[in-house]
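Structure data (PDB, N, CA, C and O atoms, pLDDT in the B column) from query_28.pdb:
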ATOM      1  N   MET A 147     -29.737   7.661  -6.951  1.00 77.00           N
ATOM      2  CA  MET A 147     -28.590   7.601  -7.827  1.00 77.00           C
ATOM      3  C   MET A 147     -27.465   8.451  -7.242  1.00 77.00           C
ATOM      4  O   MET A 147     -27.698   9.480  -6.655  1.00 77.00           O
ATOM      5  N   THR A 148     -26.256   8.013  -7.433  1.00 88.00           N
ATOM      6  CA  THR A 148     -25.075   8.702  -6.939  1.00 88.00           C
ATOM      7  C   THR A 148     -24.379   9.414  -8.090  1.00 88.00           C
ATOM      8  O   THR A 148     -24.164   8.837  -9.146  1.00 88.00           O
ATOM      9  N   THR A 149     -24.016  10.659  -7.875  1.00 89.00           N
ATOM     10  CA  THR A 149     -23.334  11.446  -8.897  1.00 89.00           C
ATOM     11  C   THR A 149     -21.872  11.642  -8.498  1.00 89.00           C
ATOM     12  O   THR A 149     -21.576  11.937  -7.355  1.00 89.00           O
ATOM     13  N   ILE A 150     -20.989  11.500  -9.479  1.00 96.00           N
ATOM     14  CA  ILE A 150     -19.543  11.554  -9.242  1.00 96.00           C
ATOM     15  C   ILE A 150     -18.954  12.790  -9.916  1.00 96.00           C
ATOM     16  O   ILE A 150     -19.352  13.154 -11.018  1.00 96.00           O
ATOM     17  N   LYS A 151     -17.957  13.374  -9.266  1.00 96.00           N
ATOM     18  CA  LYS A 151     -17.180  14.463  -9.865  1.00 96.00           C
ATOM     19  C   LYS A 151     -15.703  14.165  -9.649  1.00 96.00           C
ATOM     20  O   LYS A 151     -15.322  13.613  -8.611  1.00 96.00           O
ATOM     21  N   VAL A 152     -14.895  14.528 -10.625  1.00 97.00           N
ATOM     22  CA  VAL A 152     -13.448  14.389 -10.490  1.00 97.00           C
ATOM     23  C   VAL A 152     -12.797  15.746 -10.747  1.00 97.00           C
ATOM     24  O   VAL A 152     -13.302  16.547 -11.531  1.00 97.00           O
ATOM     25  N   ASP A 153     -11.696  15.972 -10.080  1.00 98.00           N
ATOM     26  CA  ASP A 153     -10.935  17.210 -10.265  1.00 98.00           C
ATOM     27  C   ASP A 153      -9.636  16.851 -10.985  1.00 98.00           C
ATOM     28  O   ASP A 153      -8.667  16.397 -10.371  1.00 98.00           O
ATOM     29  N   ARG A 154      -9.642  17.045 -12.291  1.00 97.00           N
ATOM     30  CA  ARG A 154      -8.464  16.705 -13.085  1.00 97.00           C
ATOM     31  C   ARG A 154      -7.273  17.606 -12.772  1.00 97.00           C
ATOM     32  O   ARG A 154      -6.137  17.237 -13.029  1.00 97.00           O
ATOM     33  N   SER A 155      -7.525  18.777 -12.190  1.00 98.00           N
ATOM     34  CA  SER A 155      -6.423  19.684 -11.882  1.00 98.00           C
ATOM     35  C   SER A 155      -5.591  19.189 -10.697  1.00 98.00           C
ATOM     36  O   SER A 155      -4.443  19.596 -10.546  1.00 98.00           O
ATOM     37  N   THR A 156      -6.157  18.317  -9.871  1.00 98.00           N
ATOM     38  CA  THR A 156      -5.401  17.774  -8.741  1.00 98.00           C
ATOM     39  C   THR A 156      -4.980  16.319  -8.965  1.00 98.00           C
ATOM     40  O   THR A 156      -4.129  15.810  -8.238  1.00 98.00           O
ATOM     41  N   CYS A 157      -5.560  15.667  -9.957  1.00 98.00           N
ATOM     42  CA  CYS A 157      -5.226  14.268 -10.251  1.00 98.00           C
ATOM     43  C   CYS A 157      -3.754  14.155 -10.630  1.00 98.00           C
ATOM     44  O   CYS A 157      -3.226  14.968 -11.390  1.00 98.00           O
ATOM     45  N   GLN A 158      -3.097  13.116 -10.097  1.00 98.00           N
ATOM     46  CA  GLN A 158      -1.699  12.865 -10.441  1.00 98.00           C
ATOM     47  C   GLN A 158      -1.520  11.524 -11.142  1.00 98.00           C
ATOM     48  O   GLN A 158      -0.403  11.075 -11.346  1.00 98.00           O
ATOM     49  N   GLY A 159      -2.628  10.888 -11.518  1.00 97.00           N
ATOM     50  CA  GLY A 159      -2.567   9.699 -12.352  1.00 97.00           C
ATOM     51  C   GLY A 159      -2.136   8.424 -11.671  1.00 97.00           C
ATOM     52  O   GLY A 159      -1.581   7.545 -12.326  1.00 97.00           O
ATOM     53  N   TYR A 160      -2.389   8.282 -10.389  1.00 98.00           N
ATOM     54  CA  TYR A 160      -2.024   7.047  -9.696  1.00 98.00           C
ATOM     55  C   TYR A 160      -2.806   5.842 -10.202  1.00 98.00           C
ATOM     56  O   TYR A 160      -2.318   4.725 -10.170  1.00 98.00           O
ATOM     57  N   GLY A 161      -4.046   6.061 -10.644  1.00 98.00           N
ATOM     58  CA  GLY A 161      -4.841   4.975 -11.210  1.00 98.00           C
ATOM     59  C   GLY A 161      -5.575   4.107 -10.199  1.00 98.00           C
ATOM     60  O   GLY A 161      -6.154   3.097 -10.574  1.00 98.00           O
ATOM     61  N   ASN A 162      -5.549   4.483  -8.924  1.00 98.00           N
ATOM     62  CA  ASN A 162      -6.258   3.694  -7.915  1.00 98.00           C
ATOM     63  C   ASN A 162      -7.751   3.631  -8.204  1.00 98.00           C
ATOM     64  O   ASN A 162      -8.404   2.625  -7.928  1.00 98.00           O
ATOM     65  N   CYS A 163      -8.289   4.688  -8.777  1.00 98.00           N
ATOM     66  CA  CYS A 163      -9.715   4.723  -9.111  1.00 98.00           C
ATOM     67  C   CYS A 163     -10.049   3.672 -10.168  1.00 98.00           C
ATOM     68  O   CYS A 163     -11.082   3.008 -10.093  1.00 98.00           O
ATOM     69  N   VAL A 164      -9.177   3.507 -11.141  1.00 98.00           N
ATOM     70  CA  VAL A 164      -9.395   2.518 -12.191  1.00 98.00           C
ATOM     71  C   VAL A 164      -9.360   1.120 -11.600  1.00 98.00           C
ATOM     72  O   VAL A 164     -10.186   0.265 -11.944  1.00 98.00           O
ATOM     73  N   LEU A 165      -8.439   0.884 -10.698  1.00 98.00           N
ATOM     74  CA  LEU A 165      -8.366  -0.428 -10.046  1.00 98.00           C
ATOM     75  C   LEU A 165      -9.610  -0.714  -9.216  1.00 98.00           C
ATOM     76  O   LEU A 165     -10.079  -1.845  -9.158  1.00 98.00           O
ATOM     77  N   ALA A 166     -10.164   0.319  -8.602  1.00 98.00           N
ATOM     78  CA  ALA A 166     -11.330   0.144  -7.740  1.00 98.00           C
ATOM     79  C   ALA A 166     -12.634   0.010  -8.526  1.00 98.00           C
ATOM     80  O   ALA A 166     -13.520  -0.735  -8.116  1.00 98.00           O
ATOM     81  N   LEU A 167     -12.744   0.724  -9.663  1.00 98.00           N
ATOM     82  CA  LEU A 167     -14.017   0.736 -10.384  1.00 98.00           C
ATOM     83  C   LEU A 167     -13.790   1.065 -11.864  1.00 98.00           C
ATOM     84  O   LEU A 167     -14.135   2.131 -12.355  1.00 98.00           O
ATOM     85  N   ALA A 168     -13.218   0.113 -12.572  1.00 98.00           N
ATOM     86  CA  ALA A 168     -12.877   0.312 -13.989  1.00 98.00           C
ATOM     87  C   ALA A 168     -14.073   0.636 -14.892  1.00 98.00           C
ATOM     88  O   ALA A 168     -13.892   1.355 -15.875  1.00 98.00           O
ATOM     89  N   PRO A 169     -15.284   0.182 -14.602  1.00 97.00           N
ATOM     90  CA  PRO A 169     -16.398   0.567 -15.471  1.00 97.00           C
ATOM     91  C   PRO A 169     -16.720   2.067 -15.429  1.00 97.00           C
ATOM     92  O   PRO A 169     -17.395   2.573 -16.313  1.00 97.00           O
ATOM     93  N   VAL A 170     -16.232   2.768 -14.418  1.00 98.00           N
ATOM     94  CA  VAL A 170     -16.555   4.190 -14.254  1.00 98.00           C
ATOM     95  C   VAL A 170     -15.356   5.088 -14.519  1.00 98.00           C
ATOM     96  O   VAL A 170     -15.500   6.166 -15.086  1.00 98.00           O
ATOM     97  N   PHE A 171     -14.155   4.659 -14.143  1.00 98.00           N
ATOM     98  CA  PHE A 171     -12.962   5.494 -14.255  1.00 98.00           C
ATOM     99  C   PHE A 171     -11.987   4.949 -15.289  1.00 98.00           C
ATOM    100  O   PHE A 171     -11.863   3.751 -15.477  1.00 98.00           O
ATOM    101  N   ASP A 172     -11.265   5.862 -15.915  1.00 98.00           N
ATOM    102  CA  ASP A 172     -10.189   5.510 -16.832  1.00 98.00           C
ATOM    103  C   ASP A 172      -9.149   6.617 -16.747  1.00 98.00           C
ATOM    104  O   ASP A 172      -9.385   7.655 -16.123  1.00 98.00           O
ATOM    105  N   LEU A 173      -7.999   6.400 -17.356  1.00 98.00           N
ATOM    106  CA  LEU A 173      -6.966   7.422 -17.460  1.00 98.00           C
ATOM    107  C   LEU A 173      -6.801   7.779 -18.929  1.00 98.00           C
ATOM    108  O   LEU A 173      -6.817   6.896 -19.790  1.00 98.00           O
ATOM    109  N   ASP A 174      -6.637   9.061 -19.221  1.00 98.00           N
ATOM    110  CA  ASP A 174      -6.465   9.491 -20.605  1.00 98.00           C
ATOM    111  C   ASP A 174      -4.998   9.392 -21.017  1.00 98.00           C
ATOM    112  O   ASP A 174      -4.154   8.892 -20.259  1.00 98.00           O
ATOM    113  N   GLU A 175      -4.685   9.870 -22.216  1.00 97.00           N
ATOM    114  CA  GLU A 175      -3.317   9.774 -22.732  1.00 97.00           C
ATOM    115  C   GLU A 175      -2.322  10.585 -21.914  1.00 97.00           C
ATOM    116  O   GLU A 175      -1.124  10.340 -21.967  1.00 97.00           O
ATOM    117  N   GLU A 176      -2.804  11.539 -21.126  1.00 97.00           N
ATOM    118  CA  GLU A 176      -1.929  12.301 -20.229  1.00 97.00           C
ATOM    119  C   GLU A 176      -1.792  11.628 -18.868  1.00 97.00           C
ATOM    120  O   GLU A 176      -1.070  12.117 -18.004  1.00 97.00           O
ATOM    121  N   GLY A 177      -2.529  10.546 -18.662  1.00 97.00           N
ATOM    122  CA  GLY A 177      -2.476   9.833 -17.393  1.00 97.00           C
ATOM    123  C   GLY A 177      -3.399  10.394 -16.327  1.00 97.00           C
ATOM    124  O   GLY A 177      -3.239  10.076 -15.155  1.00 97.00           O
ATOM    125  N   LEU A 178      -4.370  11.224 -16.719  1.00 98.00           N
ATOM    126  CA  LEU A 178      -5.285  11.837 -15.760  1.00 98.00           C
ATOM    127  C   LEU A 178      -6.644  11.153 -15.810  1.00 98.00           C
ATOM    128  O   LEU A 178      -7.060  10.630 -16.845  1.00 98.00           O
ATOM    129  N   VAL A 179      -7.345  11.212 -14.689  1.00 98.00           N
ATOM    130  CA  VAL A 179      -8.630  10.539 -14.556  1.00 98.00           C
ATOM    131  C   VAL A 179      -9.663  11.066 -15.556  1.00 98.00           C
ATOM    132  O   VAL A 179      -9.709  12.256 -15.846  1.00 98.00           O
ATOM    133  N   VAL A 180     -10.444  10.143 -16.076  1.00 97.00           N
ATOM    134  CA  VAL A 180     -11.553  10.447 -16.967  1.00 97.00           C
ATOM    135  C   VAL A 180     -12.741   9.620 -16.495  1.00 97.00           C
ATOM    136  O   VAL A 180     -12.598   8.431 -16.181  1.00 97.00           O
ATOM    137  N   LEU A 181     -13.897  10.255 -16.432  1.00 97.00           N
ATOM    138  CA  LEU A 181     -15.122   9.530 -16.099  1.00 97.00           C
ATOM    139  C   LEU A 181     -15.704   8.915 -17.364  1.00 97.00           C
ATOM    140  O   LEU A 181     -15.893   9.604 -18.354  1.00 97.00           O
ATOM    141  N   LYS A 182     -15.988   7.628 -17.310  1.00 97.00           N
ATOM    142  CA  LYS A 182     -16.694   6.982 -18.408  1.00 97.00           C
ATOM    143  C   LYS A 182     -18.180   7.306 -18.320  1.00 97.00           C
ATOM    144  O   LYS A 182     -18.869   7.341 -19.323  1.00 97.00           O
ATOM    145  N   ARG A 183     -18.644   7.515 -17.094  1.00 94.00           N
ATOM    146  CA  ARG A 183     -20.008   7.981 -16.833  1.00 94.00           C
ATOM    147  C   ARG A 183     -20.011   8.665 -15.478  1.00 94.00           C
ATOM    148  O   ARG A 183     -19.126   8.424 -14.657  1.00 94.00           O
ATOM    149  N   ASP A 184     -20.992   9.516 -15.212  1.00 89.00           N
ATOM    150  CA  ASP A 184     -20.944  10.331 -13.996  1.00 89.00           C
ATOM    151  C   ASP A 184     -21.918   9.887 -12.906  1.00 89.00           C
ATOM    152  O   ASP A 184     -22.204  10.644 -11.981  1.00 89.00           O
ATOM    153  N   ASP A 185     -22.407   8.661 -13.003  1.00 88.00           N
ATOM    154  CA  ASP A 185     -23.249   8.132 -11.934  1.00 88.00           C
ATOM    155  C   ASP A 185     -23.028   6.622 -11.801  1.00 88.00           C
ATOM    156  O   ASP A 185     -22.469   5.997 -12.687  1.00 88.00           O
ATOM    157  N   VAL A 186     -23.428   6.096 -10.674  1.00 93.00           N
ATOM    158  CA  VAL A 186     -23.313   4.660 -10.436  1.00 93.00           C
ATOM    159  C   VAL A 186     -24.611   4.157  -9.822  1.00 93.00           C
ATOM    160  O   VAL A 186     -25.367   4.916  -9.226  1.00 93.00           O
ATOM    161  N   GLY A 187     -24.814   2.880  -9.968  1.00 90.00           N
ATOM    162  CA  GLY A 187     -25.964   2.241  -9.341  1.00 90.00           C
ATOM    163  C   GLY A 187     -25.605   1.733  -7.964  1.00 90.00           C
ATOM    164  O   GLY A 187     -24.435   1.762  -7.548  1.00 90.00           O
ATOM    165  N   PRO A 188     -26.594   1.235  -7.229  1.00 90.00           N
ATOM    166  CA  PRO A 188     -26.366   0.754  -5.864  1.00 90.00           C
ATOM    167  C   PRO A 188     -25.297  -0.339  -5.762  1.00 90.00           C
ATOM    168  O   PRO A 188     -24.544  -0.388  -4.798  1.00 90.00           O
ATOM    169  N   GLY A 189     -25.183  -1.183  -6.759  1.00 94.00           N
ATOM    170  CA  GLY A 189     -24.209  -2.265  -6.728  1.00 94.00           C
ATOM    171  C   GLY A 189     -22.770  -1.815  -6.901  1.00 94.00           C
ATOM    172  O   GLY A 189     -21.847  -2.598  -6.678  1.00 94.00           O
ATOM    173  N   GLU A 190     -22.572  -0.574  -7.295  1.00 95.00           N
ATOM    174  CA  GLU A 190     -21.216  -0.062  -7.513  1.00 95.00           C
ATOM    175  C   GLU A 190     -20.765   0.901  -6.428  1.00 95.00           C
ATOM    176  O   GLU A 190     -19.646   1.421  -6.482  1.00 95.00           O
ATOM    177  N   LEU A 191     -21.604   1.125  -5.428  1.00 96.00           N
ATOM    178  CA  LEU A 191     -21.261   2.100  -4.381  1.00 96.00           C
ATOM    179  C   LEU A 191     -19.997   1.734  -3.612  1.00 96.00           C
ATOM    180  O   LEU A 191     -19.187   2.605  -3.310  1.00 96.00           O
ATOM    181  N   ASP A 192     -19.819   0.473  -3.299  1.00 97.00           N
ATOM    182  CA  ASP A 192     -18.606   0.081  -2.572  1.00 97.00           C
ATOM    183  C   ASP A 192     -17.355   0.389  -3.381  1.00 97.00           C
ATOM    184  O   ASP A 192     -16.361   0.877  -2.845  1.00 97.00           O
ATOM    185  N   GLY A 193     -17.390   0.112  -4.677  1.00 97.00           N
ATOM    186  CA  GLY A 193     -16.255   0.423  -5.547  1.00 97.00           C
ATOM    187  C   GLY A 193     -16.000   1.910  -5.642  1.00 97.00           C
ATOM    188  O   GLY A 193     -14.851   2.348  -5.650  1.00 97.00           O
ATOM    189  N   LEU A 194     -17.066   2.684  -5.688  1.00 97.00           N
ATOM    190  CA  LEU A 194     -16.917   4.142  -5.737  1.00 97.00           C
ATOM    191  C   LEU A 194     -16.318   4.670  -4.444  1.00 97.00           C
ATOM    192  O   LEU A 194     -15.415   5.508  -4.465  1.00 97.00           O
ATOM    193  N   ARG A 195     -16.798   4.175  -3.343  1.00 97.00           N
ATOM    194  CA  ARG A 195     -16.227   4.596  -2.045  1.00 97.00           C
ATOM    195  C   ARG A 195     -14.750   4.242  -1.973  1.00 97.00           C
ATOM    196  O   ARG A 195     -13.934   5.019  -1.485  1.00 97.00           O
ATOM    197  N   ARG A 196     -14.400   3.055  -2.443  1.00 98.00           N
ATOM    198  CA  ARG A 196     -13.000   2.621  -2.445  1.00 98.00           C
ATOM    199  C   ARG A 196     -12.172   3.535  -3.338  1.00 98.00           C
ATOM    200  O   ARG A 196     -11.063   3.947  -2.982  1.00 98.00           O
ATOM    201  N   ALA A 197     -12.682   3.864  -4.512  1.00 98.00           N
ATOM    202  CA  ALA A 197     -11.954   4.743  -5.438  1.00 98.00           C
ATOM    203  C   ALA A 197     -11.685   6.105  -4.797  1.00 98.00           C
ATOM    204  O   ALA A 197     -10.570   6.625  -4.875  1.00 98.00           O
ATOM    205  N   ALA A 198     -12.704   6.686  -4.170  1.00 98.00           N
ATOM    206  CA  ALA A 198     -12.533   7.994  -3.533  1.00 98.00           C
ATOM    207  C   ALA A 198     -11.575   7.906  -2.353  1.00 98.00           C
ATOM    208  O   ALA A 198     -10.701   8.767  -2.184  1.00 98.00           O
ATOM    209  N   TYR A 199     -11.705   6.859  -1.553  1.00 98.00           N
ATOM    210  CA  TYR A 199     -10.855   6.695  -0.371  1.00 98.00           C
ATOM    211  C   TYR A 199      -9.386   6.467  -0.770  1.00 98.00           C
ATOM    212  O   TYR A 199      -8.474   6.982  -0.131  1.00 98.00           O
ATOM    213  N   ASP A 200      -9.171   5.694  -1.835  1.00 98.00           N
ATOM    214  CA  ASP A 200      -7.813   5.349  -2.261  1.00 98.00           C
ATOM    215  C   ASP A 200      -7.126   6.433  -3.084  1.00 98.00           C
ATOM    216  O   ASP A 200      -5.945   6.314  -3.389  1.00 98.00           O
ATOM    217  N   CYS A 201      -7.858   7.491  -3.455  1.00 98.00           N
ATOM    218  CA  CYS A 201      -7.245   8.553  -4.237  1.00 98.00           C
ATOM    219  C   CYS A 201      -6.348   9.407  -3.332  1.00 98.00           C
ATOM    220  O   CYS A 201      -6.839  10.090  -2.437  1.00 98.00           O
ATOM    221  N   PRO A 202      -5.030   9.364  -3.564  1.00 98.00           N
ATOM    222  CA  PRO A 202      -4.121  10.092  -2.677  1.00 98.00           C
ATOM    223  C   PRO A 202      -4.247  11.614  -2.783  1.00 98.00           C
ATOM    224  O   PRO A 202      -3.795  12.329  -1.891  1.00 98.00           O
ATOM    225  N   THR A 203      -4.871  12.114  -3.836  1.00 98.00           N
ATOM    226  CA  THR A 203      -5.016  13.563  -3.994  1.00 98.00           C
ATOM    227  C   THR A 203      -6.444  14.034  -3.749  1.00 98.00           C
ATOM    228  O   THR A 203      -6.752  15.211  -3.986  1.00 98.00           O
ATOM    229  N   ASP A 204      -7.304  13.150  -3.284  1.00 98.00           N
ATOM    230  CA  ASP A 204      -8.712  13.485  -3.000  1.00 98.00           C
ATOM    231  C   ASP A 204      -9.394  14.151  -4.191  1.00 98.00           C
ATOM    232  O   ASP A 204     -10.154  15.102  -4.044  1.00 98.00           O
ATOM    233  N   SER A 205      -9.121  13.643  -5.380  1.00 98.00           N
ATOM    234  CA  SER A 205      -9.662  14.233  -6.605  1.00 98.00           C
ATOM    235  C   SER A 205     -11.045  13.706  -6.974  1.00 98.00           C
ATOM    236  O   SER A 205     -11.622  14.159  -7.950  1.00 98.00           O
ATOM    237  N   ILE A 206     -11.567  12.754  -6.200  1.00 98.00           N
ATOM    238  CA  ILE A 206     -12.871  12.165  -6.499  1.00 98.00           C
ATOM    239  C   ILE A 206     -13.839  12.519  -5.376  1.00 98.00           C
ATOM    240  O   ILE A 206     -13.554  12.288  -4.198  1.00 98.00           O
ATOM    241  N   THR A 207     -14.970  13.083  -5.762  1.00 96.00           N
ATOM    242  CA  THR A 207     -16.043  13.355  -4.798  1.00 96.00           C
ATOM    243  C   THR A 207     -17.327  12.783  -5.367  1.00 96.00           C
ATOM    244  O   THR A 207     -17.471  12.606  -6.581  1.00 96.00           O
ATOM    245  N   PHE A 208     -18.270  12.506  -4.462  1.00 95.00           N
ATOM    246  CA  PHE A 208     -19.561  11.984  -4.916  1.00 95.00           C
ATOM    247  C   PHE A 208     -20.639  12.346  -3.921  1.00 95.00           C
ATOM    248  O   PHE A 208     -20.364  12.625  -2.766  1.00 95.00           O
ATOM    249  N   ALA A 209     -21.857  12.375  -4.409  1.00 92.00           N
ATOM    250  CA  ALA A 209     -23.027  12.663  -3.573  1.00 92.00           C
ATOM    251  C   ALA A 209     -24.029  11.535  -3.763  1.00 92.00           C
ATOM    252  O   ALA A 209     -24.366  11.188  -4.892  1.00 92.00           O
ATOM    253  N   GLU A 210     -24.475  10.987  -2.655  1.00 84.00           N
ATOM    254  CA  GLU A 210     -25.447   9.893  -2.710  1.00 84.00           C
ATOM    255  C   GLU A 210     -26.841  10.425  -2.651  1.00 84.00           C
ATOM    256  O   GLU A 210     -27.120  11.453  -2.103  1.00 84.00           O
TER
END
With the file now loaded, output its structure as structure tokens.
Amino acid sequence: MTTIKVDRSTCQGYGNCVLALAPVFDLDEEGLVVLKRDDVGPGELDGLRRAAYDCPTDSITFAE
């Protein structure tokens, strides 16, 4: 299982994570990243990698 962490203090609300993996990421009323859940299954790894790679502030990290 892969565990995800987000750093809301560096998030600037671009929303690339939501576009890459909407079942896991969302933006709150302030426009900052929120995790809907903190892990993903094997079928979502590509989306998670895309979300982390596309985050311009490197606010998403994960451990496989």
On this file, the PyMOL selection byres (((chain A and resi 191-206 and name CA) around 8) and name CA) gives some set of residues; write that set as a PDB file with N, CA, C and O atoms, in the frame of the given file.
ATOM      1  N   ILE A 150     -20.989  11.500  -9.479  1.00 96.00           N
ATOM      2  CA  ILE A 150     -19.543  11.554  -9.242  1.00 96.00           C
ATOM      3  C   ILE A 150     -18.954  12.790  -9.916  1.00 96.00           C
ATOM      4  O   ILE A 150     -19.352  13.154 -11.018  1.00 96.00           O
ATOM      5  N   LYS A 151     -17.957  13.374  -9.266  1.00 96.00           N
ATOM      6  CA  LYS A 151     -17.180  14.463  -9.865  1.00 96.00           C
ATOM      7  C   LYS A 151     -15.703  14.165  -9.649  1.00 96.00           C
ATOM      8  O   LYS A 151     -15.322  13.613  -8.611  1.00 96.00           O
ATOM      9  N   VAL A 152     -14.895  14.528 -10.625  1.00 97.00           N
ATOM     10  CA  VAL A 152     -13.448  14.389 -10.490  1.00 97.00           C
ATOM     11  C   VAL A 152     -12.797  15.746 -10.747  1.00 97.00           C
ATOM     12  O   VAL A 152     -13.302  16.547 -11.531  1.00 97.00           O
ATOM     13  N   ASP A 153     -11.696  15.972 -10.080  1.00 98.00           N
ATOM     14  CA  ASP A 153     -10.935  17.210 -10.265  1.00 98.00           C
ATOM     15  C   ASP A 153      -9.636  16.851 -10.985  1.00 98.00           C
ATOM     16  O   ASP A 153      -8.667  16.397 -10.371  1.00 98.00           O
ATOM     17  N   ARG A 154      -9.642  17.045 -12.291  1.00 97.00           N
ATOM     18  CA  ARG A 154      -8.464  16.705 -13.085  1.00 97.00           C
ATOM     19  C   ARG A 154      -7.273  17.606 -12.772  1.00 97.00           C
ATOM     20  O   ARG A 154      -6.137  17.237 -13.029  1.00 97.00           O
ATOM     21  N   THR A 156      -6.157  18.317  -9.871  1.00 98.00           N
ATOM     22  CA  THR A 156      -5.401  17.774  -8.741  1.00 98.00           C
ATOM     23  C   THR A 156      -4.980  16.319  -8.965  1.00 98.00           C
ATOM     24  O   THR A 156      -4.129  15.810  -8.238  1.00 98.00           O
ATOM     25  N   CYS A 157      -5.560  15.667  -9.957  1.00 98.00           N
ATOM     26  CA  CYS A 157      -5.226  14.268 -10.251  1.00 98.00           C
ATOM     27  C   CYS A 157      -3.754  14.155 -10.630  1.00 98.00           C
ATOM     28  O   CYS A 157      -3.226  14.968 -11.390  1.00 98.00           O
ATOM     29  N   GLN A 158      -3.097  13.116 -10.097  1.00 98.00           N
ATOM     30  CA  GLN A 158      -1.699  12.865 -10.441  1.00 98.00           C
ATOM     31  C   GLN A 158      -1.520  11.524 -11.142  1.00 98.00           C
ATOM     32  O   GLN A 158      -0.403  11.075 -11.346  1.00 98.00           O
ATOM     33  N   TYR A 160      -2.389   8.282 -10.389  1.00 98.00           N
ATOM     34  CA  TYR A 160      -2.024   7.047  -9.696  1.00 98.00           C
ATOM     35  C   TYR A 160      -2.806   5.842 -10.202  1.00 98.00           C
ATOM     36  O   TYR A 160      -2.318   4.725 -10.170  1.00 98.00           O
ATOM     37  N   ASN A 162      -5.549   4.483  -8.924  1.00 98.00           N
ATOM     38  CA  ASN A 162      -6.258   3.694  -7.915  1.00 98.00           C
ATOM     39  C   ASN A 162      -7.751   3.631  -8.204  1.00 98.00           C
ATOM     40  O   ASN A 162      -8.404   2.625  -7.928  1.00 98.00           O
ATOM     41  N   CYS A 163      -8.289   4.688  -8.777  1.00 98.00           N
ATOM     42  CA  CYS A 163      -9.715   4.723  -9.111  1.00 98.00           C
ATOM     43  C   CYS A 163     -10.049   3.672 -10.168  1.00 98.00           C
ATOM     44  O   CYS A 163     -11.082   3.008 -10.093  1.00 98.00           O
ATOM     45  N   VAL A 164      -9.177   3.507 -11.141  1.00 98.00           N
ATOM     46  CA  VAL A 164      -9.395   2.518 -12.191  1.00 98.00           C
ATOM     47  C   VAL A 164      -9.360   1.120 -11.600  1.00 98.00           C
ATOM     48  O   VAL A 164     -10.186   0.265 -11.944  1.00 98.00           O
ATOM     49  N   LEU A 165      -8.439   0.884 -10.698  1.00 98.00           N
ATOM     50  CA  LEU A 165      -8.366  -0.428 -10.046  1.00 98.00           C
ATOM     51  C   LEU A 165      -9.610  -0.714  -9.216  1.00 98.00           C
ATOM     52  O   LEU A 165     -10.079  -1.845  -9.158  1.00 98.00           O
ATOM     53  N   ALA A 166     -10.164   0.319  -8.602  1.00 98.00           N
ATOM     54  CA  ALA A 166     -11.330   0.144  -7.740  1.00 98.00           C
ATOM     55  C   ALA A 166     -12.634   0.010  -8.526  1.00 98.00           C
ATOM     56  O   ALA A 166     -13.520  -0.735  -8.116  1.00 98.00           O
ATOM     57  N   LEU A 167     -12.744   0.724  -9.663  1.00 98.00           N
ATOM     58  CA  LEU A 167     -14.017   0.736 -10.384  1.00 98.00           C
ATOM     59  C   LEU A 167     -13.790   1.065 -11.864  1.00 98.00           C
ATOM     60  O   LEU A 167     -14.135   2.131 -12.355  1.00 98.00           O
ATOM     61  N   VAL A 186     -23.428   6.096 -10.674  1.00 93.00           N
ATOM     62  CA  VAL A 186     -23.313   4.660 -10.436  1.00 93.00           C
ATOM     63  C   VAL A 186     -24.611   4.157  -9.822  1.00 93.00           C
ATOM     64  O   VAL A 186     -25.367   4.916  -9.226  1.00 93.00           O
ATOM     65  N   GLY A 187     -24.814   2.880  -9.968  1.00 90.00           N
ATOM     66  CA  GLY A 187     -25.964   2.241  -9.341  1.00 90.00           C
ATOM     67  C   GLY A 187     -25.605   1.733  -7.964  1.00 90.00           C
ATOM     68  O   GLY A 187     -24.435   1.762  -7.548  1.00 90.00           O
ATOM     69  N   PRO A 188     -26.594   1.235  -7.229  1.00 90.00           N
ATOM     70  CA  PRO A 188     -26.366   0.754  -5.864  1.00 90.00           C
ATOM     71  C   PRO A 188     -25.297  -0.339  -5.762  1.00 90.00           C
ATOM     72  O   PRO A 188     -24.544  -0.388  -4.798  1.00 90.00           O
ATOM     73  N   GLY A 189     -25.183  -1.183  -6.759  1.00 94.00           N
ATOM     74  CA  GLY A 189     -24.209  -2.265  -6.728  1.00 94.00           C
ATOM     75  C   GLY A 189     -22.770  -1.815  -6.901  1.00 94.00           C
ATOM     76  O   GLY A 189     -21.847  -2.598  -6.678  1.00 94.00           O
ATOM     77  N   GLU A 190     -22.572  -0.574  -7.295  1.00 95.00           N
ATOM     78  CA  GLU A 190     -21.216  -0.062  -7.513  1.00 95.00           C
ATOM     79  C   GLU A 190     -20.765   0.901  -6.428  1.00 95.00           C
ATOM     80  O   GLU A 190     -19.646   1.421  -6.482  1.00 95.00           O
ATOM     81  N   THR A 207     -14.970  13.083  -5.762  1.00 96.00           N
ATOM     82  CA  THR A 207     -16.043  13.355  -4.798  1.00 96.00           C
ATOM     83  C   THR A 207     -17.327  12.783  -5.367  1.00 96.00           C
ATOM     84  O   THR A 207     -17.471  12.606  -6.581  1.00 96.00           O
ATOM     85  N   PHE A 208     -18.270  12.506  -4.462  1.00 95.00           N
ATOM     86  CA  PHE A 208     -19.561  11.984  -4.916  1.00 95.00           C
ATOM     87  C   PHE A 208     -20.639  12.346  -3.921  1.00 95.00           C
ATOM     88  O   PHE A 208     -20.364  12.625  -2.766  1.00 95.00           O
TER      89      PHE A 208
END
task = Grab the CA of Glu210 (chain A) to atom C of Thr149 (chain A) distance for me, in Å with one decimal place.
result =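 Rounded to one decimal, the two atoms are 7.0 Å apart.
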Selection result of the PyMOL selection byres ((chain A and resi 176) around 8) on this file, as a PyMOL selection string: chain A and resi 157-159+173-175+177-179
Open item on the list: DSSP on the backbone: which residues in chain A end up as helix (DSSP H, G or I)? Give the answer as a PyMOL selection string.
Closed with: chain A and resi 162-166+188-200
- Task: From the DSSP assignment of the backbone, select every residue of chain A that is strand (DSSP E), and format the answer as an MDAnalysis selection string.
- Result: chainID A and resid 148:152 171:173 179:181 185:186 206:209
**Pairwise distance for atom O of Lys182 (chain A) and atom C of Ala209 (chain A), rounded to one decimal in Å** =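 Interatomic distance here is 16.9 Å.
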So the first atom is atom N of Pro169 (chain A) and the second is CA of Met147 (chain A); what is the distance between them in Å, to one decimal place?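 Answer for the atom N of Pro169 (chain A) to CA of Met147 (chain A) separation: 16.7 Å.
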